[in-house]
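Student: Here's a structure for you.
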Amino acid sequence: MPLPFLTADRAFDANAEDSDDIALPFDDHDQWRRPYRPGPWRVGAAAVLLLLASFVMLAAMIIAFAGAMSGAGLCLALGLVVIALALRLLRAGVWVSRHGLRRVGFFATTTLPWSQVADVRTVQQPVRWLGLPRTVQGQALLLGRKGQGEPLGLLTDHNADFLSRVEAFERAADTVEAWAAEYGTETH
């Protein structure tokens, strides 16, 4: 039973056969946006973290009712840290706007204006599987920076957003490449 009033893109995917892998349409190019949907592995991991945080918060409430306020405060702080980790995990990825390209990682964020982007290309190379040390042969979207020798890895087809979603990776890579082609040649 589809519930179109619950989706932000109800007009976009009204006739789509497989609406899970279709990117959302946007009008305002000045706002930072992710040109693809978060993958099921990323969303699932964040959901597990939020479930863990709910149990920790419930434990904090029980400890507070028992009268041990220092223990309740510690559990509350731990629950808030787990919630912050889940939100950061959901925010990770590649974001684009008219102003540049932003790669949000779990620990660090890199923002480059389009004037510093030399090229964006998809290459076949060994990539990390779900960000773990194990590598497999796959595709990666690389960003070449002007004046820098080493390209910056943006996306892979084996990360938490695109594992088992090859078409979604190709669509996201094409979208980021299109943004780079449109805004990368402009002078700011």
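So you can find residues: chains in the structure tokens are A, B, ... in the order shown, residues in each start at 1, and ligands are numbered from 1 in order.
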With only C-alpha atoms as the counted atoms, please give the residues lying no more than 12 Å from Thr109 in chain A, apart from itself and same-chain residues fewer than 6 positions off, as JSON, numbers by chain.

Tutor: {"A": [88, 91, 92, 93, 94, 95, 101, 102, 103, 154]}

Student: I need the residues from that last selection saved to file as a compact mmCIF listing (two decimals), in the first residue's frame (with N, CA, C and O atoms), if you can.

Tutor:
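Contents of part04.txt, freshly written:
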# COMPACT_ATOMS: atom_id res chain seq x y z
N ARG A 88 25.81 11.83 12.30
CA ARG A 88 26.99 12.06 11.48
C ARG A 88 27.13 10.98 10.41
O ARG A 88 27.52 11.26 9.28
N ARG A 91 24.83 11.82 7.65
CA ARG A 91 25.25 13.01 6.92
C ARG A 91 26.43 12.74 5.98
O ARG A 91 26.65 13.49 5.04
N ALA A 92 27.18 11.68 6.23
CA ALA A 92 28.38 11.39 5.43
C ALA A 92 28.02 11.15 3.97
O ALA A 92 26.98 10.57 3.66
N GLY A 93 28.89 11.62 3.10
CA GLY A 93 28.69 11.44 1.66
C GLY A 93 29.20 12.63 0.89
O GLY A 93 29.93 13.46 1.40
N VAL A 94 28.81 12.71 -0.35
CA VAL A 94 29.21 13.81 -1.24
C VAL A 94 28.03 14.75 -1.39
O VAL A 94 26.91 14.32 -1.66
N TRP A 95 28.30 16.03 -1.21
CA TRP A 95 27.29 17.08 -1.32
C TRP A 95 27.76 18.07 -2.37
O TRP A 95 28.95 18.37 -2.46
N LEU A 101 31.98 21.53 -4.13
CA LEU A 101 31.75 20.13 -3.80
C LEU A 101 32.24 19.90 -2.37
O LEU A 101 33.30 20.38 -1.99
N ARG A 102 31.47 19.18 -1.60
CA ARG A 102 31.79 18.90 -0.20
C ARG A 102 31.77 17.40 0.02
O ARG A 102 30.78 16.73 -0.28
N ARG A 103 32.87 16.87 0.54
CA ARG A 103 32.94 15.45 0.92
C ARG A 103 32.88 15.38 2.43
O ARG A 103 33.81 15.77 3.13
N LEU A 154 35.84 10.18 -3.91
CA LEU A 154 34.53 10.68 -3.49
C LEU A 154 33.56 9.56 -3.16
O LEU A 154 33.00 9.50 -2.07

Student: Write out as number ranges by chain which residues come within 9 Å of Gln125 in chain A when counting only C-alpha atoms, dropping same-chain ones fewer than 2 positions away.

Tutor: A: 123, 127, 136-140

Student: Store the residues of this selection in a file with N, CA and C atoms, as a PDB file, in the first residue's frame.

Tutor:
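The resulting again39.pdb:
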ATOM      1  N   VAL A 123      36.828   5.596 -12.291  1.00  0.00           N
ATOM      2  CA  VAL A 123      37.906   4.685 -12.663  1.00  0.00           C
ATOM      3  C   VAL A 123      37.669   3.315 -12.039  1.00  0.00           C
ATOM      4  N   VAL A 127      38.859  -0.984  -4.359  1.00  0.00           N
ATOM      5  CA  VAL A 127      38.155  -0.083  -3.446  1.00  0.00           C
ATOM      6  C   VAL A 127      37.890  -0.803  -2.130  1.00  0.00           C
ATOM      7  N   VAL A 136      38.279  -4.767  -2.676  1.00  0.00           N
ATOM      8  CA  VAL A 136      37.754  -5.561  -3.776  1.00  0.00           C
ATOM      9  C   VAL A 136      37.870  -4.722  -5.041  1.00  0.00           C
ATOM     10  N   GLN A 137      37.780  -5.375  -6.187  1.00  0.00           N
ATOM     11  CA  GLN A 137      37.836  -4.629  -7.441  1.00  0.00           C
ATOM     12  C   GLN A 137      36.493  -3.953  -7.656  1.00  0.00           C
ATOM     13  N   GLY A 138      36.531  -2.664  -7.955  1.00  0.00           N
ATOM     14  CA  GLY A 138      35.297  -1.928  -8.151  1.00  0.00           C
ATOM     15  C   GLY A 138      35.538  -0.615  -8.855  1.00  0.00           C
ATOM     16  N   GLN A 139      34.546   0.244  -8.796  1.00  0.00           N
ATOM     17  CA  GLN A 139      34.626   1.559  -9.417  1.00  0.00           C
ATOM     18  C   GLN A 139      34.706   2.620  -8.340  1.00  0.00           C
ATOM     19  N   ALA A 140      35.414   3.689  -8.646  1.00  0.00           N
ATOM     20  CA  ALA A 140      35.519   4.807  -7.729  1.00  0.00           C
ATOM     21  C   ALA A 140      35.360   6.099  -8.509  1.00  0.00           C
TER      22      ALA A 140
END

Student: Leaving out Val82 in chain A and any residue of its chain fewer than 6 positions from it, which residues lie within 8 Å of it when counting only C-alpha atoms, given as a list in words?

Tutor: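 My reading of the contact set: Leu49, Leu50, Leu52 and Ala53 of chain A.
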
Student: Residues of the last selection are to be written out with N, CA and C atoms, as a compact mmCIF listing (two decimals), in the first residue's frame.

Tutor:
# COMPACT_ATOMS: atom_id res chain seq x y z
N LEU A 49 22.18 2.22 15.58
CA LEU A 49 22.75 3.15 16.57
C LEU A 49 21.65 3.91 17.31
N LEU A 50 20.62 4.33 16.60
CA LEU A 50 19.52 5.04 17.27
C LEU A 50 18.74 4.12 18.19
N LEU A 52 20.11 1.58 19.82
CA LEU A 52 21.00 1.49 20.97
C LEU A 52 20.88 2.73 21.85
N ALA A 53 20.81 3.90 21.22
CA ALA A 53 20.67 5.14 21.98
C ALA A 53 19.36 5.17 22.77

Student: Could you check the closest approach to Val96 in chain A for each of A:Glu150, A:Asp30, A:Asp161, A:Asp174 and tell me which residue wins, using only C-alpha atoms?

Tutor: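 Of the candidates, the smallest distance to Val96 in chain A is held by A:Asp30.
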
Student: Would you please work out which residue, of A:Gly184, A:Gly39, A:Gly79, A:Gly105, is nearest to Ala60 in chain A when using only C-alpha atoms?

Tutor: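 Of A:Gly184, A:Gly39, A:Gly79, A:Gly105, the one nearest Ala60 in chain A, counting only C-alpha atoms, is A:Gly79.
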
Student: Write out as a PyMOL selection string all residues of range 53-167 of chain A that backbone DSSP assigns to helix (DSSP H, G or I).

Tutor: chain A and resi 53-66+69-91+114-116+166-167

Student: In Å, with one decimal, what is the gap from CA of Ile83 in chain A to CA of Ser164 in chain A?

Tutor: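 Computing it gives 27.0 Å between the two atoms.
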
Student: My list of candidates is A:Ala108, A:Leu89, A:Ser54, A:Glu182. Which is closest to Trp41 in chain A when distances are computed with only C-alpha atoms?

Tutor: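 Using only C-alpha atoms, the shortest distance to Trp41 in chain A belongs to A:Leu89.
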
Student: So the first atom is CA of Thr110 in chain A and the second is CA of Leu85 in chain A; what is the distance between them in Å, to one decimal place?

Tutor: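 Calculated distance between CA of Thr110 in chain A and CA of Leu85 in chain A is 18.3 Å.
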
Student: Which value, in Å to one decimal, gives the distance between CA of Pro35 in chain A and CA of Thr175 in chain A?

Tutor: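 Taking CA of Pro35 in chain A and CA of Thr175 in chain A, their separation equals 6.6 Å.
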
Student: Using only C-alpha atoms, determine which residues lie at most 12 Å from His99 in chain A, disregarding the query and same-chain residues fewer than 6 positions distant; provide the list as a VMD selection string.

Tutor: chain A and resid 28 to 33 111 to 117 179 to 180 182 to 184 186 to 188

Student: Selected residues, C-alpha atoms, written as a CSV table (one decimal), in the first residue's frame, please.

Tutor:
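Okay, part_26.csv is ready:
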chain,number,residue,atom,x,y,z
A,28,ASP,CA,17.6,25.5,-5.8
A,29,HIS,CA,21.3,25.0,-6.8
A,30,ASP,CA,22.6,27.3,-4.1
A,31,GLN,CA,21.8,24.9,-1.3
A,32,TRP,CA,24.0,21.9,-0.4
A,33,ARG,CA,22.4,18.7,-1.5
A,111,THR,CA,34.9,21.5,0.9
A,112,LEU,CA,36.3,22.6,-2.5
A,113,PRO,CA,35.0,25.4,-4.6
A,114,TRP,CA,34.5,24.5,-8.3
A,115,SER,CA,37.4,26.7,-9.3
A,116,GLN,CA,39.8,24.3,-7.5
A,117,VAL,CA,38.3,21.2,-9.2
A,179,TRP,CA,27.7,19.3,-11.7
A,180,ALA,CA,31.5,19.5,-12.2
A,182,GLU,CA,28.5,22.7,-15.4
A,183,TYR,CA,30.1,24.7,-12.6
A,184,GLY,CA,33.7,23.7,-12.8
A,186,GLU,CA,33.0,29.0,-14.4
A,187,THR,CA,35.1,31.7,-12.8
A,188,HIS,CA,34.0,32.7,-9.4

Student: Which of these, A:Pro151, A:His158, A:Lys146, A:Val104, has the shortest distance to Pro126 in chain A once you count only C-alpha atoms?

Tutor: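 Of the candidates, the smallest distance to Pro126 in chain A is held by A:His158.
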